[in-house]
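Data from entry_8.pdb: PDB, C-alpha atoms and all ligand atoms
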```pdb
ATOM      1  CA  MET A   1     -12.994   2.919  13.633  1.00  0.00           C
ATOM      2  CA  ILE A   2     -12.866   0.403  10.802  1.00  0.00           C
ATOM      3  CA  GLU A   3     -10.961   1.969   7.906  1.00  0.00           C
ATOM      4  CA  ARG A   4      -9.839   0.995   4.422  1.00  0.00           C
ATOM      5  CA  THR A   5      -6.426   1.886   3.051  1.00  0.00           C
ATOM      6  CA  LEU A   6      -4.753   1.591  -0.354  1.00  0.00           C
ATOM      7  CA  VAL A   7      -1.533  -0.393  -0.512  1.00  0.00           C
ATOM      8  CA  ILE A   8       0.759  -0.791  -3.532  1.00  0.00           C
ATOM      9  CA  LEU A   9       3.459  -3.455  -3.617  1.00  0.00           C
ATOM     10  CA  LYS A  10       5.893  -1.611  -5.875  1.00  0.00           C
ATOM     11  CA  PRO A  11       7.876  -3.078  -8.818  1.00  0.00           C
ATOM     12  CA  ASP A  12      10.830  -3.927  -6.544  1.00  0.00           C
ATOM     13  CA  ALA A  13       8.562  -6.119  -4.377  1.00  0.00           C
ATOM     14  CA  VAL A  14       7.348  -7.947  -7.494  1.00  0.00           C
ATOM     15  CA  GLN A  15      10.875  -8.278  -8.966  1.00  0.00           C
ATOM     16  CA  ARG A  16      12.253  -9.597  -5.676  1.00  0.00           C
ATOM     17  CA  ASN A  17       9.492 -12.245  -5.317  1.00  0.00           C
ATOM     18  CA  LEU A  18       8.379 -10.677  -2.033  1.00  0.00           C
ATOM     19  CA  VAL A  19       4.687 -10.379  -2.934  1.00  0.00           C
ATOM     20  CA  GLY A  20       3.509 -13.444  -0.995  1.00  0.00           C
ATOM     21  CA  GLU A  21       5.658 -12.668   2.034  1.00  0.00           C
ATOM     22  CA  LEU A  22       4.460  -9.064   2.261  1.00  0.00           C
ATOM     23  CA  ILE A  23       0.787  -9.949   1.814  1.00  0.00           C
ATOM     24  CA  GLN A  24       1.213 -12.571   4.526  1.00  0.00           C
ATOM     25  CA  LYS A  25       2.493  -9.923   6.955  1.00  0.00           C
ATOM     26  CA  PHE A  26      -0.661  -7.866   6.457  1.00  0.00           C
ATOM     27  CA  GLU A  27      -2.861 -10.962   6.779  1.00  0.00           C
ATOM     28  CA  LYS A  28      -1.084 -12.119   9.927  1.00  0.00           C
ATOM     29  CA  LYS A  29      -1.523  -8.689  11.494  1.00  0.00           C
ATOM     30  CA  GLY A  30      -5.282  -9.152  11.120  1.00  0.00           C
ATOM     31  CA  LEU A  31      -5.949  -6.797   8.220  1.00  0.00           C
ATOM     32  CA  LYS A  32      -8.633  -8.021   5.857  1.00  0.00           C
ATOM     33  CA  LEU A  33      -8.091  -8.023   2.072  1.00  0.00           C
ATOM     34  CA  VAL A  34     -11.102  -6.407   0.413  1.00  0.00           C
ATOM     35  CA  ALA A  35      -9.593  -5.847  -3.058  1.00  0.00           C
ATOM     36  CA  MET A  36      -6.490  -6.942  -4.954  1.00  0.00           C
ATOM     37  CA  LYS A  37      -5.127  -6.980  -8.520  1.00  0.00           C
ATOM     38  CA  LEU A  38      -1.920  -7.000 -10.588  1.00  0.00           C
ATOM     39  CA  SER A  39      -1.523  -3.903 -12.749  1.00  0.00           C
ATOM     40  CA  GLN A  40       1.115  -2.118 -14.819  1.00  0.00           C
ATOM     41  CA  LEU A  41       0.866   1.590 -13.995  1.00  0.00           C
ATOM     42  CA  THR A  42       0.950   4.341 -16.643  1.00  0.00           C
ATOM     43  CA  ASP A  43       2.041   7.996 -16.719  1.00  0.00           C
ATOM     44  CA  GLU A  44      -1.630   8.952 -16.761  1.00  0.00           C
ATOM     45  CA  ILE A  45      -2.396   7.499 -13.327  1.00  0.00           C
ATOM     46  CA  LEU A  46       1.071   8.219 -11.852  1.00  0.00           C
ATOM     47  CA  ASP A  47       0.828  11.922 -12.768  1.00  0.00           C
ATOM     48  CA  VAL A  48      -2.272  12.054 -10.561  1.00  0.00           C
ATOM     49  CA  HIS A  49      -1.019   9.729  -7.833  1.00  0.00           C
ATOM     50  CA  TYR A  50       2.279  11.594  -7.435  1.00  0.00           C
ATOM     51  CA  ALA A  51       0.965  15.100  -8.296  1.00  0.00           C
ATOM     52  CA  HIS A  52       2.340  16.380  -4.966  1.00  0.00           C
ATOM     53  CA  HIS A  53       5.859  15.348  -6.125  1.00  0.00           C
ATOM     54  CA  LYS A  54       5.618  16.835  -9.617  1.00  0.00           C
ATOM     55  CA  ASP A  55       8.202  19.571  -8.944  1.00  0.00           C
ATOM     56  CA  LYS A  56      10.647  17.288  -7.152  1.00  0.00           C
ATOM     57  CA  PRO A  57      13.892  16.339  -8.943  1.00  0.00           C
ATOM     58  CA  PHE A  58      13.073  12.638  -8.558  1.00  0.00           C
ATOM     59  CA  PHE A  59       9.599  12.861 -10.144  1.00  0.00           C
ATOM     60  CA  LYS A  60      10.543  11.335 -13.526  1.00  0.00           C
ATOM     61  CA  SER A  61      12.758   8.608 -12.072  1.00  0.00           C
ATOM     62  CA  LEU A  62      10.028   7.754  -9.546  1.00  0.00           C
ATOM     63  CA  LYS A  63       7.503   7.362 -12.374  1.00  0.00           C
ATOM     64  CA  ASP A  64       9.959   5.323 -14.475  1.00  0.00           C
ATOM     65  CA  PHE A  65      10.510   3.033 -11.497  1.00  0.00           C
ATOM     66  CA  MET A  66       6.781   2.650 -10.832  1.00  0.00           C
ATOM     67  CA  LYS A  67       6.185   1.754 -14.518  1.00  0.00           C
ATOM     68  CA  SER A  68       9.117  -0.672 -14.748  1.00  0.00           C
ATOM     69  CA  ALA A  69       7.140  -3.824 -13.829  1.00  0.00           C
ATOM     70  CA  PRO A  70       3.615  -4.684 -12.686  1.00  0.00           C
ATOM     71  CA  VAL A  71       2.566  -3.764  -9.167  1.00  0.00           C
ATOM     72  CA  ILE A  72       0.090  -5.343  -6.768  1.00  0.00           C
ATOM     73  CA  LEU A  73      -2.737  -3.013  -5.816  1.00  0.00           C
ATOM     74  CA  MET A  74      -4.770  -3.854  -2.758  1.00  0.00           C
ATOM     75  CA  VAL A  75      -7.218  -2.455  -0.271  1.00  0.00           C
ATOM     76  CA  LEU A  76      -6.823  -3.546   3.340  1.00  0.00           C
ATOM     77  CA  GLU A  77      -9.510  -3.120   5.982  1.00  0.00           C
ATOM     78  CA  GLY A  78      -9.328  -3.083   9.776  1.00  0.00           C
ATOM     79  CA  PRO A  79      -9.476  -0.932  12.892  1.00  0.00           C
ATOM     80  CA  GLU A  80      -7.424   2.214  12.187  1.00  0.00           C
ATOM     81  CA  ALA A  81      -6.043   0.445   9.131  1.00  0.00           C
ATOM     82  CA  VAL A  82      -4.455   3.623   7.695  1.00  0.00           C
ATOM     83  CA  SER A  83      -2.088   4.212  10.622  1.00  0.00           C
ATOM     84  CA  VAL A  84      -1.586   0.494  11.312  1.00  0.00           C
ATOM     85  CA  VAL A  85      -0.282  -0.076   7.765  1.00  0.00           C
ATOM     86  CA  ARG A  86       1.885   3.073   7.827  1.00  0.00           C
ATOM     87  CA  LEU A  87       3.475   1.845  11.062  1.00  0.00           C
ATOM     88  CA  MET A  88       4.063  -1.584   9.549  1.00  0.00           C
ATOM     89  CA  ILE A  89       5.833  -0.251   6.446  1.00  0.00           C
ATOM     90  CA  GLY A  90       8.130   2.255   8.220  1.00  0.00           C
ATOM     91  CA  ILE A  91       9.443   5.626   7.040  1.00  0.00           C
ATOM     92  CA  THR A  92      10.147   6.554   3.387  1.00  0.00           C
ATOM     93  CA  LYS A  93      13.946   6.443   3.728  1.00  0.00           C
ATOM     94  CA  SER A  94      14.446   2.686   3.936  1.00  0.00           C
ATOM     95  CA  ARG A  95      17.928   2.945   5.429  1.00  0.00           C
ATOM     96  CA  GLU A  96      16.557   4.797   8.444  1.00  0.00           C
ATOM     97  CA  ALA A  97      13.384   2.714   8.845  1.00  0.00           C
ATOM     98  CA  GLN A  98      13.019   0.889  12.148  1.00  0.00           C
ATOM     99  CA  PRO A  99      13.950  -2.801  12.184  1.00  0.00           C
ATOM    100  CA  GLY A 100      10.722  -4.775  12.433  1.00  0.00           C
ATOM    101  CA  THR A 101       9.046  -2.607   9.783  1.00  0.00           C
ATOM    102  CA  ILE A 102       8.835  -3.821   6.182  1.00  0.00           C
ATOM    103  CA  ARG A 103      11.255  -1.171   4.883  1.00  0.00           C
ATOM    104  CA  GLY A 104      13.454  -1.571   7.970  1.00  0.00           C
ATOM    105  CA  ASP A 105      13.779  -5.302   7.405  1.00  0.00           C
ATOM    106  CA  TYR A 106      13.710  -5.634   3.606  1.00  0.00           C
ATOM    107  CA  ALA A 107      14.851  -2.399   1.925  1.00  0.00           C
ATOM    108  CA  ILE A 108      17.991  -0.274   1.761  1.00  0.00           C
ATOM    109  CA  SER A 109      17.148   2.246  -0.986  1.00  0.00           C
ATOM    110  CA  THR A 110      14.716   4.991  -2.093  1.00  0.00           C
ATOM    111  CA  PRO A 111      12.519   4.987  -4.193  1.00  0.00           C
ATOM    112  CA  ASP A 112      12.851   1.192  -4.051  1.00  0.00           C
ATOM    113  CA  ASN A 113      11.064   1.033  -0.724  1.00  0.00           C
ATOM    114  CA  LEU A 114       8.758  -1.859  -1.630  1.00  0.00           C
ATOM    115  CA  VAL A 115       5.384  -0.549  -0.456  1.00  0.00           C
ATOM    116  CA  HIS A 116       3.147   2.497  -0.796  1.00  0.00           C
ATOM    117  CA  ALA A 117       0.345   3.074   1.701  1.00  0.00           C
ATOM    118  CA  SER A 118      -2.146   5.929   2.049  1.00  0.00           C
ATOM    119  CA  ASP A 119      -0.975   8.545   4.557  1.00  0.00           C
ATOM    120  CA  SER A 120      -4.365   9.638   5.950  1.00  0.00           C
ATOM    121  CA  LEU A 121      -7.988   8.519   5.962  1.00  0.00           C
ATOM    122  CA  GLU A 122      -8.879  11.290   3.523  1.00  0.00           C
ATOM    123  CA  THR A 123      -6.073  10.271   1.128  1.00  0.00           C
ATOM    124  CA  ALA A 124      -7.063   6.615   1.488  1.00  0.00           C
ATOM    125  CA  GLN A 125     -10.605   7.322   0.311  1.00  0.00           C
ATOM    126  CA  ILE A 126      -9.277   9.184  -2.751  1.00  0.00           C
ATOM    127  CA  GLU A 127      -6.614   6.560  -3.528  1.00  0.00           C
ATOM    128  CA  VAL A 128      -8.983   3.587  -3.244  1.00  0.00           C
ATOM    129  CA  LYS A 129     -11.264   5.276  -5.813  1.00  0.00           C
ATOM    130  CA  ARG A 130      -8.261   6.088  -8.011  1.00  0.00           C
ATOM    131  CA  PHE A 131      -7.276   2.435  -8.441  1.00  0.00           C
ATOM    132  CA  PHE A 132     -10.482   0.425  -7.916  1.00  0.00           C
ATOM    133  CA  LYS A 133     -14.001   0.467  -9.308  1.00  0.00           C
ATOM    134  CA  PRO A 134     -16.732   0.058  -6.650  1.00  0.00           C
ATOM    135  CA  GLU A 135     -17.526  -3.452  -7.927  1.00  0.00           C
ATOM    136  CA  GLU A 136     -13.899  -4.540  -7.326  1.00  0.00           C
ATOM    137  CA  LEU A 137     -14.253  -3.977  -3.573  1.00  0.00           C
ATOM    138  CA  TYR A 138     -15.636  -6.867  -1.533  1.00  0.00           C
ATOM    139  CA  SER A 139     -17.365  -6.491   1.838  1.00  0.00           C
ATOM    140  CA  TRP A 140     -17.218  -9.939   3.352  1.00  0.00           C
ATOM    141  CA  ASN A 141     -17.589 -11.435   6.829  1.00  0.00           C
ATOM    142  CA  ARG A 142     -14.576 -13.217   8.247  1.00  0.00           C
ATOM    143  CA  ALA A 143     -15.820 -16.403   9.919  1.00  0.00           C
ATOM    144  CA  ASN A 144     -13.440 -16.002  12.864  1.00  0.00           C
ATOM    145  CA  GLU A 145     -13.617 -12.191  13.168  1.00  0.00           C
ATOM    146  CA  ASP A 146     -13.891 -12.382  16.990  1.00  0.00           C
ATOM    147  CA  PHE A 147     -10.301 -13.623  17.126  1.00  0.00           C
ATOM    148  CA  PHE A 148      -9.033 -10.571  15.218  1.00  0.00           C
ATOM    149  CA  THR A 149     -11.078  -7.585  16.400  1.00  0.00           C
ATOM    150  CA  SER A 150     -13.208  -7.239  19.488  1.00  0.00           C
ATOM    151  CA  ASN A 151     -16.838  -6.278  19.084  1.00  0.00           C
ATOM    152  CA  SER A 152     -16.241  -2.858  20.631  1.00  0.00           C
ATOM    153  CA  GLU A 153     -13.738  -1.976  17.879  1.00  0.00           C
ATOM    154  CA  ARG A 154     -16.024  -2.710  14.950  1.00  0.00           C
TER     155      ARG A 154
HETATM  156  P1  LIG B   1       6.124   6.688  -1.029  1.00  0.00           P
HETATM  157  O1  LIG B   1       6.250   7.361   0.302  1.00  0.00           O
HETATM  158  O2  LIG B   1       5.345   5.470  -1.178  1.00  0.00           O
HETATM  159  O3  LIG B   1       5.572   7.759  -2.088  1.00  0.00           O
HETATM  160  C1  LIG B   1       6.415   8.736  -2.649  1.00  0.00           C
HETATM  161  C2  LIG B   1       7.606   8.043  -3.191  1.00  0.00           C
HETATM  162  O4  LIG B   1       8.564   8.871  -3.779  1.00  0.00           O
HETATM  163  C3  LIG B   1       8.359   7.385  -2.029  1.00  0.00           C
HETATM  164  O5  LIG B   1       7.589   6.342  -1.528  1.00  0.00           O
HETATM  165  C4  LIG B   1       9.613   6.997  -2.742  1.00  0.00           C
HETATM  166  O6  LIG B   1       9.430   5.821  -3.520  1.00  0.00           O
HETATM  167  C5  LIG B   1       9.802   8.209  -3.653  1.00  0.00           C
HETATM  168  N1  LIG B   1      10.745   9.161  -3.078  1.00  0.00           N
HETATM  169  C6  LIG B   1      10.553   9.952  -2.001  1.00  0.00           C
HETATM  170  N2  LIG B   1      11.639  10.705  -1.752  1.00  0.00           N
HETATM  171  C7  LIG B   1      12.537  10.374  -2.711  1.00  0.00           C
HETATM  172  C8  LIG B   1      13.852  10.820  -3.021  1.00  0.00           C
HETATM  173  N3  LIG B   1      14.455  11.758  -2.285  1.00  0.00           N
HETATM  174  N4  LIG B   1      14.475  10.264  -4.082  1.00  0.00           N
HETATM  175  C9  LIG B   1      13.848   9.333  -4.829  1.00  0.00           C
HETATM  176  N5  LIG B   1      12.581   8.888  -4.596  1.00  0.00           N
HETATM  177  C10 LIG B   1      11.950   9.399  -3.551  1.00  0.00           C
END
```
Please rewrite the model in this file as structure tokens.
Amino acid sequence: MIERTLVILKPDAVQRNLVGELIQKFEKKGLKLVAMKLSQLTDEILDVHYAHHKDKPFFKSLKDFMKSAPVILMVLEGPEAVSVVRLMIGITKSREAQPGTIRGDYAISTPDNLVHASDSLETAQIEVKRFFKPEELYSWNRANEDFFTSNSER
């Protein structure tokens, strides 16, 4: 099934000049960009986005980190995009992430694990709405779509 997922390139990705390289990985995989913007996050949106972590000891430091520089917000589309992107980024603890994943190859710390991605289709739908207005999402036809996804998967 074609899905959309919310991806955030966190402040460490922006500070380390990894934005282009990380976007290129998603593009090369065959995921389609349907929305993207640079944004500096605020407590208001982070309190909602990380509500499930509000009682954790790292909640404030996580928010401080996420506010420390602009982030790249994007929506990626493709067959089973939610699980594809989660596989690509690797597990939360960067030091234990598999080599070949983004965190496994580029990160050695937490919360500085470079990328956030929605963890389920249901979460993805909520998170896309949280960060993007409907008019910021673009449904567009890729001219060479046949080379990325077969007809039966669309
Ligand atoms: P992510 O999985 O994108 O969303 C929750 C974030 O909380 C996670 O990435 C880390 O950035 C951060 N996080 C999770 N666990 C810890 C922890 N034990 N200490 C600090 N930050 C954490």
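Taking atom CA of A:Leu9 and atom CA of A:Leu114 as the two end points, the separation is 5.9 Å.
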Compile a residue-level contact table for chain A against ligand LIG 1 (chain B) at a cut-off of 8 Å, reporting for every qualifying residue the shortest atom pair and its distance in Å to one decimal, with only C-alpha atoms and all ligand atoms counted, rows ordered by chain and ascending number, as a Markdown table.
```
| residue | atom | partner | partner_atom | distance |
| --- | --- | --- | --- | --- |
| A:Tyr50 | CA | B:LIG1 | C1 | 6.9 |
| A:His53 | CA | B:LIG1 | O4 | 7.4 |
| A:Pro57 | CA | B:LIG1 | N4 | 7.8 |
| A:Phe58 | CA | B:LIG1 | C9 | 5.0 |
| A:Phe59 | CA | B:LIG1 | N5 | 7.4 |
| A:Ser61 | CA | B:LIG1 | C9 | 7.4 |
| A:Leu62 | CA | B:LIG1 | N5 | 5.7 |
| A:Ile91 | CA | B:LIG1 | O1 | 7.7 |
| A:Thr92 | CA | B:LIG1 | O1 | 5.0 |
| A:Lys93 | CA | B:LIG1 | N2 | 7.3 |
| A:Thr110 | CA | B:LIG1 | N5 | 5.1 |
| A:Pro111 | CA | B:LIG1 | O6 | 3.3 |
| A:Asp112 | CA | B:LIG1 | O6 | 5.8 |
| A:Asn113 | CA | B:LIG1 | O6 | 5.8 |
| A:Leu114 | CA | B:LIG1 | O6 | 7.9 |
| A:Val115 | CA | B:LIG1 | O2 | 6.1 |
| A:His116 | CA | B:LIG1 | O2 | 3.7 |
| A:Ala117 | CA | B:LIG1 | O2 | 6.2 |
```
Residue contacts of stretch 10-19 of chain A (10 Å, all atoms listed in the file) excluding same-chain residues fewer than 2 positions away, as a list in words: Val7, Ile8, Glu21, Leu22, Ile23, Gln24, Leu38, Gln40, Leu41, Phe65, Met66, Lys67, Ser68, Ala69, Pro70, Val71, Ile72, Leu73, Tyr106, Ala107, Pro111, Asp112, Asn113, Leu114, Val115 and His116 of chain A
For atom CA of A:Met88 and atom CA of A:Asp47, the interatomic separation in Å (one decimal): 26.3 Å
Output of the PyMOL selection byres (((chain A and resi 136) around 9) and not hetatm), listed as a ChimeraX atom specification: /A:34-36,132-135,137-138
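Nearest to A:Leu6 of all the residues A:Asp119, A:Ala81, A:Ile45, A:Val75 is A:Val75, counting all atoms listed in the file.
This file, queried with the PyMOL selection byres (((chain A and resi 153) around 8) and not hetatm), gives the residues A:Met1, A:Ile2, A:Pro79, A:Thr149, A:Ser150, A:Asn151, A:Ser152, A:Arg154.
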Atom CA of A:Ser94 to atom CA of A:Ile108, distance in Å rounded to a single decimal: 5.1 Å
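With distances taken over only C-alpha atoms, A:Glu44 is the one residue among A:Glu77, A:Asp55, A:Glu96, A:Glu44 lying closest to A:Phe131.
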What's around A:Lys29 at 10 Å? Count all atoms listed in the file, leave out sequence neighbours fewer than 4 positions away in its own chain, and write the answer as an mmCIF file with C-alpha atoms, keeping the file's coordinate frame.
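Just written: part33.cif:
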```cif
data_model
loop_
_atom_site.group_PDB
_atom_site.id
_atom_site.type_symbol
_atom_site.label_atom_id
_atom_site.label_comp_id
_atom_site.auth_asym_id
_atom_site.auth_seq_id
_atom_site.Cartn_x
_atom_site.Cartn_y
_atom_site.Cartn_z
ATOM 1 C CA GLN A 24 1.213 -12.571 4.526
ATOM 2 C CA LYS A 25 2.493 -9.923 6.955
ATOM 3 C CA GLY A 78 -9.328 -3.083 9.776
ATOM 4 C CA VAL A 84 -1.586 0.494 11.312
ATOM 5 C CA VAL A 85 -0.282 -0.076 7.765
ATOM 6 C CA MET A 88 4.063 -1.584 9.549
ATOM 7 C CA PHE A 148 -9.033 -10.571 15.218
#
```
Answer as number ranges by chain, residues within 9 Å of (-5.7, 5.6, 7.6) using all atoms listed in the file: A: 3-6, 80-86, 117-125
